[in-house]
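A.B. asks: This structure is in structure tokens; I'll ask about it shortly.
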Amino acid sequence: MAETKEIKGGPGGGARRGMPRPKIDNPGKLFGRLMGYVFKFYPIHMLAIVVCIVLTVFSSVQGTLFTRTLIDSYIQPMLDNHSTDYGPLLGAMGRVAIFYAIGVLAAFVQAKVMIYINQGTLRRLREELFVHMESLPIKYFDTHAHGDIMSIYTNDIDALRQMISQSIPQLLSSAITIVSVLASMIVLSIPLTIVTLLMVAVMLFCSAKATASSGKNFVAQQKNIGELNGFIEEMMTGQKVVKVFNHESEAIEKFDELNEKLCESAFKANAYSGALGPINAQLGNTSYVLCAMIGAAIALSDSVAVGFTVGMLASFLTFNKSFSMPINQVSMQFNSIIMALAGADRIFKLLDEPGETDDGYVMLVNSEKKDGQIVEADHHTGHWAWKHYHKADNTTTYQPMEGDVTFNDVDFGYTDEKMVLHNIVLHAKPGQKIAFVGSTGAGKTTITNLINRFYDIQDGKIRYDNININKIKKADLRRSLGIVLQDTHLFTGTVMENIRYGKLDATDEEVKAAAKLANAHSFIKRLPDGYNTMLTGDGANLSQGQRQLLAIARAAIADPPVLILDEATSSIDTRTEKIVQDGMDKLMSGRTTFVIAHRLSTVKNSDCIIVLEHGRIIEQGTHDELIAKKQKYYQLYTGMKSETA
């Protein structure tokens, strides 16, 4: 059993102390973009929020100003005259109660509308994120940790939720409150207002220092959360591998390293921001005490000559608290805003990622013949045609889809600095079975990825029925290709729904026919609920071979003109493979098929076997031709035979 190591150093004691913190590029522009997003979809609602905030602040200011009137015009005269007539006082208090009632109602409406804006904005953001994510090229997912992408949907969106629902209304309220209260304080006493502003300057100075220190750590915190989530997702997916190779200790060590980074950035961010509140609160209390002492001295010196009464002092002291409180609240909200902007930065970077470009104009359509001419059909006919639209003369022509695939001197690299494929030349005629063999990393799967245009080539041409695949719409190109991958992915849903994924409008009978073709029908009938058995966790309740059979059935129901089988039978035992092979042969009949296989026995009957090594084609021919050459294929084949003899 792996022993959990002790985490040394504590918060801030990580080994990466000297590494630069991530920064937000142009936070003002980012904040403006986010606000523009909110106002774009909810302009009327945001106007209602501003009106409600103004009403709430107005009612509060009116109530505070009434303190002066209450003391100077009602309480003090009643004390001086020993009056017991409370009628005028009650009437005045009733008018103030109306103001406060308006404020309470406005605050209630503000809260309800803000919830609507908040949840609506987040719903739109999540929707845009997902829709845009679906448009991104495969390269993006190959170069970004899936857990880090998931963190954008969870942690970063949640950071925005807090800012939109709390920080933005608080900033608006504080700004309006500060302006209103400052104007009221100037009217009451300019000297005390100056004292208050001096203390506010000290508060702003402390807030700026603390915010600058914590802000960069909040940005680092969001980044570190994404890294930690990515690692956890990776470990959960590969937990069997971790245990098989006794890698628990190393996994824990790596987790502790990432966890320490998160702890360090979170500690520093919250340490500074946590200290800001108490510091500003004490400075606010100091301001209150100074104003009380100075104001009392002024009021008691000669209230008539100076014109500063006890009622004015009481009102001013209330305003002093009201003035310090929003400034303190604003300074506290800055940290939430910075954290939200860090999340917004990651969100908008994903939204700004360039999607797949598609300049194709040739479409794949169902076709049929009428009067000897190929025409487009609005139903599945089993026949396909390429639809060409010619802008020059505004005409449309149809070309039969045959499945002829040609590579002409194709060079490709995942980066321009390192080429993976070199001068690939091959020709798959309609209905032929083309097999790719070679060692791991030779470029077999890469070739099939290029046929799908998951990646675009650096040089050369790939033609499909003599059409440059760049001219074919990607959706139509991929619709013409049925693919069974080595790593089968099953979705949460029933067995029937997973097979129907290849053709969403397929009937139950078509699903069962496809399952029988792949020889999956017999094991499906033995499942607890047959075709209605629910699959969860990527089909964890099925064996690897059963999952592969469902993937083959999914390809069968799509009825594609061209098939790509990437180690389609790699997870099936020898006995099952023989059963499946018959179904596979039926599936491949009449279709151009590309097969990637390590078991050379499965490709003996291929029309052409292509041997790859280091991204180059070193041999190609039929099984008998390559055996007769006694070169690389001969070595691979006889080596396998000798091992199994």
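Note on naming: chains are A, B, ... as they come in the structure tokens, residues start from 1 per chain, ligands start from 1 in the order shown.
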With the cut-off set at 8 Å and counting only C-alpha atoms, tabulate each residue of region 287-380 of chain A with an atom at most that distance from an atom of region 147-153 of chain A, showing the nearest atom pair and its distance in Å to one decimal, ordered by chain and increasing number, as a Markdown table.

C.D. replies:
```
| residue | atom | partner | partner_atom | distance |
| --- | --- | --- | --- | --- |
| A:Gly343 | CA | A:Ile152 | CA | 7.2 |
| A:Arg346 | CA | A:Ile152 | CA | 6.9 |
| A:Ile347 | CA | A:Ile152 | CA | 6.2 |
```

A.B. asks: With N, CA and C atoms retained, export the selected residues as a compact mmCIF listing (two decimals), in the first residue's frame.

C.D. replies:
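That gives us part-v3.txt:
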```
# COMPACT_ATOMS: atom_id res chain seq x y z
N GLY A 343 -11.29 33.89 -14.38
CA GLY A 343 -12.15 32.88 -15.00
C GLY A 343 -12.67 33.33 -16.35
N ARG A 346 -10.13 32.84 -19.09
CA ARG A 346 -10.06 31.48 -19.59
C ARG A 346 -11.29 31.15 -20.45
N ILE A 347 -12.45 31.66 -20.04
CA ILE A 347 -13.68 31.41 -20.81
C ILE A 347 -13.58 32.03 -22.20
```

A.B. asks: Show me a table, sorted first by chain and then by increasing residue number, of the residues of region 176-202 of chain A having an atom at most 10 Å from region 283-303 of chain A, each with its shortest atom pair and the distance in Å to one decimal, counting only C-alpha atoms and written as JSON lines.

C.D. replies:
```
{"residue": "A:Ser189", "atom": "CA", "partner": "A:Gly295", "partner_atom": "CA", "distance": 8.8}
{"residue": "A:Pro191", "atom": "CA", "partner": "A:Gly295", "partner_atom": "CA", "distance": 9.0}
{"residue": "A:Leu192", "atom": "CA", "partner": "A:Cys291", "partner_atom": "CA", "distance": 6.0}
{"residue": "A:Thr193", "atom": "CA", "partner": "A:Cys291", "partner_atom": "CA", "distance": 8.6}
{"residue": "A:Ile194", "atom": "CA", "partner": "A:Cys291", "partner_atom": "CA", "distance": 9.9}
{"residue": "A:Val195", "atom": "CA", "partner": "A:Cys291", "partner_atom": "CA", "distance": 7.0}
{"residue": "A:Thr196", "atom": "CA", "partner": "A:Ser287", "partner_atom": "CA", "distance": 6.1}
{"residue": "A:Leu197", "atom": "CA", "partner": "A:Ser287", "partner_atom": "CA", "distance": 9.1}
{"residue": "A:Leu198", "atom": "CA", "partner": "A:Ser287", "partner_atom": "CA", "distance": 8.8}
{"residue": "A:Met199", "atom": "CA", "partner": "A:Ser287", "partner_atom": "CA", "distance": 6.0}
{"residue": "A:Val200", "atom": "CA", "partner": "A:Gly284", "partner_atom": "CA", "distance": 8.0}
{"residue": "A:Val202", "atom": "CA", "partner": "A:Leu283", "partner_atom": "CA", "distance": 8.0}
```

A.B. asks: With N, CA and C atoms retained, write the just-selected residues as a CSV table (one decimal), in the first residue's frame.

C.D. replies:
```csv
chain,number,residue,atom,x,y,z
A,189,SER,N,-21.6,69.5,6.7
A,189,SER,CA,-20.4,70.0,7.3
A,189,SER,C,-19.2,69.8,6.4
A,191,PRO,N,-16.0,70.8,7.1
A,191,PRO,CA,-14.8,70.4,7.8
A,191,PRO,C,-14.8,68.9,8.1
A,192,LEU,N,-15.9,68.4,8.6
A,192,LEU,CA,-16.0,67.0,8.9
A,192,LEU,C,-15.9,66.1,7.6
A,193,THR,N,-16.4,66.7,6.5
A,193,THR,CA,-16.3,66.0,5.2
A,193,THR,C,-14.8,65.8,4.8
A,194,ILE,N,-14.0,66.9,5.1
A,194,ILE,CA,-12.6,66.8,4.8
A,194,ILE,C,-11.9,65.7,5.6
A,195,VAL,N,-12.3,65.7,6.9
A,195,VAL,CA,-11.7,64.6,7.8
A,195,VAL,C,-12.1,63.2,7.3
A,196,THR,N,-13.3,63.1,6.9
A,196,THR,CA,-13.8,61.8,6.4
A,196,THR,C,-13.0,61.4,5.1
A,197,LEU,N,-12.8,62.4,4.2
A,197,LEU,CA,-12.1,62.1,2.9
A,197,LEU,C,-10.7,61.7,3.1
A,198,LEU,N,-10.0,62.3,4.1
A,198,LEU,CA,-8.6,62.0,4.4
A,198,LEU,C,-8.5,60.6,4.9
A,199,MET,N,-9.5,60.1,5.8
A,199,MET,CA,-9.4,58.7,6.2
A,199,MET,C,-9.8,57.8,5.1
A,200,VAL,N,-10.7,58.2,4.2
A,200,VAL,CA,-11.0,57.4,3.0
A,200,VAL,C,-9.8,57.2,2.1
A,202,VAL,N,-6.7,57.0,3.1
A,202,VAL,CA,-5.9,56.0,3.8
A,202,VAL,C,-6.4,54.6,3.4
```

A.B. asks: Quick one: which region 415-493 of chain A residues come within 12 Å of region 608-631 of chain A, and what is the nearest atom pair for each with the distance in Å to one decimal, counting only C-alpha atoms, rows ordered by chain and ascending number, as CSV?

C.D. replies:
```
residue,atom,partner,partner_atom,distance
A:Lys418,CA,A:Gly615,CA,11.2
A:Met419,CA,A:Gly615,CA,8.3
A:Val420,CA,A:Gly615,CA,5.4
A:Leu421,CA,A:Gly615,CA,4.2
A:His422,CA,A:Arg616,CA,5.5
A:Asn423,CA,A:Arg616,CA,7.0
A:Ile424,CA,A:Ile617,CA,6.5
A:Val425,CA,A:Ile617,CA,7.8
A:Leu426,CA,A:Ile610,CA,8.6
A:His427,CA,A:Cys608,CA,9.4
A:Ala428,CA,A:Cys608,CA,8.4
A:Lys429,CA,A:Cys608,CA,10.1
A:Gly431,CA,A:Cys608,CA,11.6
A:Gln432,CA,A:Cys608,CA,7.8
A:Lys433,CA,A:Cys608,CA,6.7
A:Ile434,CA,A:Cys608,CA,5.0
A:Ala435,CA,A:Ile609,CA,4.7
A:Phe436,CA,A:Ile610,CA,4.9
A:Val437,CA,A:Val611,CA,5.1
A:Gly438,CA,A:Leu612,CA,5.1
A:Ser439,CA,A:Glu613,CA,6.9
A:Thr440,CA,A:Glu613,CA,9.0
A:Gly441,CA,A:His614,CA,7.2
A:Ala442,CA,A:His614,CA,4.8
A:Gly443,CA,A:Gly615,CA,5.2
A:Lys444,CA,A:Leu612,CA,7.1
A:Thr445,CA,A:Gly615,CA,10.8
A:Thr446,CA,A:Gly615,CA,9.2
A:Ile447,CA,A:Gly615,CA,9.5
```

A.B. asks: How would the residues just chosen look if you wrote them out with N, CA and C atoms as a short mmCIF file (atom, residue, chain, number, x, y, z; two decimals), in the first residue's frame?

C.D. replies:
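Once everything was written out, this is result_24.cif:
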```cif
data_model
loop_
_atom_site.label_atom_id
_atom_site.label_comp_id
_atom_site.auth_asym_id
_atom_site.auth_seq_id
_atom_site.Cartn_x
_atom_site.Cartn_y
_atom_site.Cartn_z
N LYS A 418 8.35 19.30 -37.33
CA LYS A 418 8.62 17.87 -37.35
C LYS A 418 7.58 17.15 -38.20
N MET A 419 8.00 16.66 -39.35
CA MET A 419 7.10 15.94 -40.24
C MET A 419 6.91 14.50 -39.75
N VAL A 420 5.67 14.03 -39.82
CA VAL A 420 5.34 12.66 -39.41
C VAL A 420 5.23 11.74 -40.63
N LEU A 421 4.66 12.26 -41.71
CA LEU A 421 4.52 11.50 -42.95
C LEU A 421 5.33 12.17 -44.05
N HIS A 422 5.95 11.32 -44.90
CA HIS A 422 6.81 11.85 -45.96
C HIS A 422 6.45 11.21 -47.30
N ASN A 423 6.08 12.04 -48.26
CA ASN A 423 5.87 11.58 -49.65
C ASN A 423 4.98 10.34 -49.74
N ILE A 424 3.82 10.42 -49.09
CA ILE A 424 2.89 9.28 -49.12
C ILE A 424 2.15 9.26 -50.45
N VAL A 425 2.29 8.15 -51.16
CA VAL A 425 1.60 7.95 -52.44
C VAL A 425 0.85 6.63 -52.36
N LEU A 426 -0.47 6.68 -52.51
CA LEU A 426 -1.26 5.45 -52.51
C LEU A 426 -2.56 5.69 -53.26
N HIS A 427 -3.14 4.60 -53.72
CA HIS A 427 -4.39 4.68 -54.47
C HIS A 427 -5.30 3.54 -54.05
N ALA A 428 -6.43 3.91 -53.43
CA ALA A 428 -7.44 2.91 -53.05
C ALA A 428 -8.58 2.98 -54.07
N LYS A 429 -8.71 1.92 -54.86
CA LYS A 429 -9.78 1.89 -55.86
C LYS A 429 -11.10 1.53 -55.20
N GLY A 431 -14.11 -0.13 -53.67
CA GLY A 431 -14.37 -1.49 -53.21
C GLY A 431 -13.15 -2.23 -52.73
N GLN A 432 -11.96 -1.64 -52.82
CA GLN A 432 -10.75 -2.31 -52.38
C GLN A 432 -10.60 -2.25 -50.86
N LYS A 433 -9.89 -3.25 -50.37
CA LYS A 433 -9.53 -3.29 -48.95
C LYS A 433 -8.04 -2.99 -48.85
N ILE A 434 -7.73 -1.85 -48.25
CA ILE A 434 -6.35 -1.40 -48.11
C ILE A 434 -5.95 -1.55 -46.64
N ALA A 435 -4.84 -2.24 -46.39
CA ALA A 435 -4.37 -2.48 -45.02
C ALA A 435 -3.07 -1.72 -44.77
N PHE A 436 -2.98 -1.13 -43.59
CA PHE A 436 -1.75 -0.46 -43.17
C PHE A 436 -1.13 -1.28 -42.05
N VAL A 437 0.14 -1.63 -42.19
CA VAL A 437 0.85 -2.35 -41.15
C VAL A 437 2.18 -1.65 -40.89
N GLY A 438 2.74 -1.94 -39.76
CA GLY A 438 4.00 -1.32 -39.38
C GLY A 438 4.07 -1.17 -37.88
N SER A 439 5.22 -0.78 -37.41
CA SER A 439 5.41 -0.64 -35.97
C SER A 439 4.63 0.56 -35.43
N THR A 440 4.47 0.59 -34.11
CA THR A 440 3.78 1.69 -33.46
C THR A 440 4.50 3.00 -33.75
N GLY A 441 3.72 4.02 -34.15
CA GLY A 441 4.31 5.31 -34.47
C GLY A 441 4.75 5.45 -35.90
N ALA A 442 4.45 4.45 -36.71
CA ALA A 442 4.88 4.51 -38.11
C ALA A 442 4.04 5.48 -38.92
N GLY A 443 2.83 5.82 -38.45
CA GLY A 443 1.98 6.78 -39.14
C GLY A 443 0.69 6.20 -39.68
N LYS A 444 0.31 5.00 -39.22
CA LYS A 444 -0.88 4.33 -39.75
C LYS A 444 -2.15 5.12 -39.42
N THR A 445 -2.36 5.40 -38.14
CA THR A 445 -3.56 6.13 -37.73
C THR A 445 -3.55 7.55 -38.26
N THR A 446 -2.38 8.13 -38.38
CA THR A 446 -2.28 9.50 -38.90
C THR A 446 -2.86 9.60 -40.31
N ILE A 447 -2.62 8.57 -41.13
CA ILE A 447 -3.16 8.59 -42.49
C ILE A 447 -4.68 8.63 -42.48
#
```

A.B. asks: Which of these, A:Ala556, A:Val54, A:Leu504, A:Leu172, has the shortest distance to Lys516 (chain A) once you count only C-alpha atoms?

C.D. replies: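 With only C-alpha atoms as the atom set, the closest residue is A:Ala556.
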
A.B. asks: For the interface of region 101-152 of chain A with region 33-39 of chain A (cut-off 9 Å, counting only C-alpha atoms), please tabulate each contacting residue of region 101-152 of chain A alongside its nearest pair of atoms and their separation in Å to one decimal, rows sorted by chain and increasing number, as JSON lines.

C.D. replies:
```
{"residue": "A:Ile117", "atom": "CA", "partner": "A:Val38", "partner_atom": "CA", "distance": 7.7}
{"residue": "A:Asn118", "atom": "CA", "partner": "A:Val38", "partner_atom": "CA", "distance": 8.7}
{"residue": "A:Thr121", "atom": "CA", "partner": "A:Val38", "partner_atom": "CA", "distance": 6.5}
```

A.B. asks: Just write the chosen residues, N, CA and C atoms, as a compact mmCIF listing (two decimals), in the first residue's frame.

C.D. replies:
```txt
# COMPACT_ATOMS: atom_id res chain seq x y z
N ILE A 117 -30.96 37.75 -14.43
CA ILE A 117 -29.83 38.15 -15.28
C ILE A 117 -28.66 37.20 -15.09
N ASN A 118 -28.37 36.88 -13.84
CA ASN A 118 -27.22 36.05 -13.51
C ASN A 118 -27.34 34.67 -14.14
N THR A 121 -27.37 34.77 -18.01
CA THR A 121 -26.06 35.01 -18.59
C THR A 121 -25.20 33.76 -18.55
```

A.B. asks: Quick one: residues within 10 Å of Ala159 (chain A), only C-alpha atoms counted, chain neighbours fewer than 5 positions away excluded, as a ChimeraX atom specification?

C.D. replies: /A:152,154,164,222,336-344

A.B. asks: Interatomic distance between CA of Ile483 (chain A) and CA of Ile564 (chain A)?

C.D. replies: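 Separation of CA of Ile483 (chain A) and CA of Ile564 (chain A): 4.7 Å.
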
A.B. asks: Which is closest to Phe334 (chain A) among A:Tyr634, A:Phe31, A:Phe141, A:Phe308, if we use only C-alpha atoms?

C.D. replies: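 Checking each candidate against Phe334 (chain A), we get A:Phe31 as the closest.
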
A.B. asks: Under the rule that only C-alpha atoms are counted, which of A:Arg554, A:Arg526, A:Lys261, A:His146 is the nearest residue to Leu490 (chain A)?

C.D. replies: A:Arg554

A.B. asks: What is the CA of Glu128 (chain A) to CA of Asn224 (chain A) distance in Å?

C.D. replies: 24.0 Å

A.B. asks: Using only C-alpha atoms, tabulate the residues of region 319-423 of chain A lying at most 12 Å from any atom of region 59-69 of chain A, each with its closest atom pair and that distance in Å to one decimal, by chain and increasing residue number, as a Markdown table.

C.D. replies:
```
| residue | atom | partner | partner_atom | distance |
| --- | --- | --- | --- | --- |
| A:Phe319 | CA | A:Thr64 | CA | 7.1 |
| A:Asn320 | CA | A:Thr64 | CA | 10.7 |
| A:Lys321 | CA | A:Thr64 | CA | 10.9 |
| A:Ser322 | CA | A:Val61 | CA | 9.1 |
| A:Phe323 | CA | A:Val61 | CA | 10.9 |
```

A.B. asks: Report as number ranges by chain all protein, DNA and RNA residues lying within 10 Å of His521 (chain A), evaluated on only C-alpha atoms, omitting residues in the same chain fewer than 4 positions from it.

C.D. replies: A: 511-517, 525-526, 530-531, 549-550, 553

A.B. asks: Write the residues you've just listed into a file as a tab-separated table (two decimals), in the first residue's frame, and include C-alpha atoms for each of them.

C.D. replies:
```tsv
chain	number	residue	atom	x	y	z
A	511	VAL	CA	-30.61	-1.50	-35.16
A	512	LYS	CA	-31.07	-5.22	-34.61
A	513	ALA	CA	-30.03	-5.99	-38.19
A	514	ALA	CA	-26.80	-4.01	-37.69
A	515	ALA	CA	-26.15	-5.84	-34.41
A	516	LYS	CA	-26.63	-9.18	-36.14
A	517	LEU	CA	-24.27	-8.13	-38.92
A	525	LYS	CA	-30.02	-10.61	-25.89
A	526	ARG	CA	-28.27	-12.02	-22.81
A	530	GLY	CA	-31.55	-6.71	-23.90
A	531	TYR	CA	-31.38	-3.73	-26.24
A	549	LEU	CA	-18.80	-5.18	-31.14
A	550	LEU	CA	-21.23	-2.33	-30.40
A	553	ALA	CA	-22.64	-2.33	-35.12
```

A.B. asks: Using only C-alpha atoms, which of the listed residues (A:Ala210, A:Leu350, A:Ile115, A:Lys391) sits closest to Leu129 (chain A)?

C.D. replies: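 Using only C-alpha atoms, the shortest distance to Leu129 (chain A) belongs to A:Leu350.
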
A.B. asks: Within 9 Å of Met133 (chain A), counting only C-alpha atoms, which residues qualify if same-chain residues fewer than 6 places away don't, as a PyMOL selection string?

C.D. replies: chain A and resi 350-351+353+355

A.B. asks: Just the selected residues (N, CA and C atoms), exported as a short mmCIF file (atom, residue, chain, number, x, y, z; two decimals), in the first residue's frame, please.

C.D. replies:
```cif
data_model
loop_
_atom_site.label_atom_id
_atom_site.label_comp_id
_atom_site.auth_asym_id
_atom_site.auth_seq_id
_atom_site.Cartn_x
_atom_site.Cartn_y
_atom_site.Cartn_z
N LEU A 350 -11.20 30.35 -24.59
CA LEU A 350 -11.79 29.18 -25.25
C LEU A 350 -12.74 29.61 -26.35
N LEU A 351 -13.55 30.65 -26.06
CA LEU A 351 -14.48 31.13 -27.08
C LEU A 351 -13.75 31.75 -28.27
N GLU A 353 -10.85 30.70 -29.39
CA GLU A 353 -10.10 29.70 -30.13
C GLU A 353 -10.70 29.54 -31.53
N GLY A 355 -12.26 28.08 -34.63
CA GLY A 355 -12.92 26.81 -34.92
C GLY A 355 -12.39 26.21 -36.21
#
```

A.B. asks: Neighbours of region 381-383 of chain A within 10 Å (only C-alpha atoms; same-chain residues fewer than 6 positions away dropped), as a list of chain:residue names?

C.D. replies: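 Returned residues: A:Val365, A:Asn366, A:Ser367, A:Glu368, A:Lys369, A:Pro400, A:Met401, A:Glu402, A:Asp559, A:Pro560, A:Pro561.
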
A.B. asks: Within 10 Å of Ala275 (chain A), counting only C-alpha atoms, which residues qualify if same-chain residues fewer than 5 places away don't, as a list in words?

C.D. replies: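 Final neighbour list, sorted by chain and number: Ser207, Ala210, Asn270, Asn280 and Met332 of chain A.
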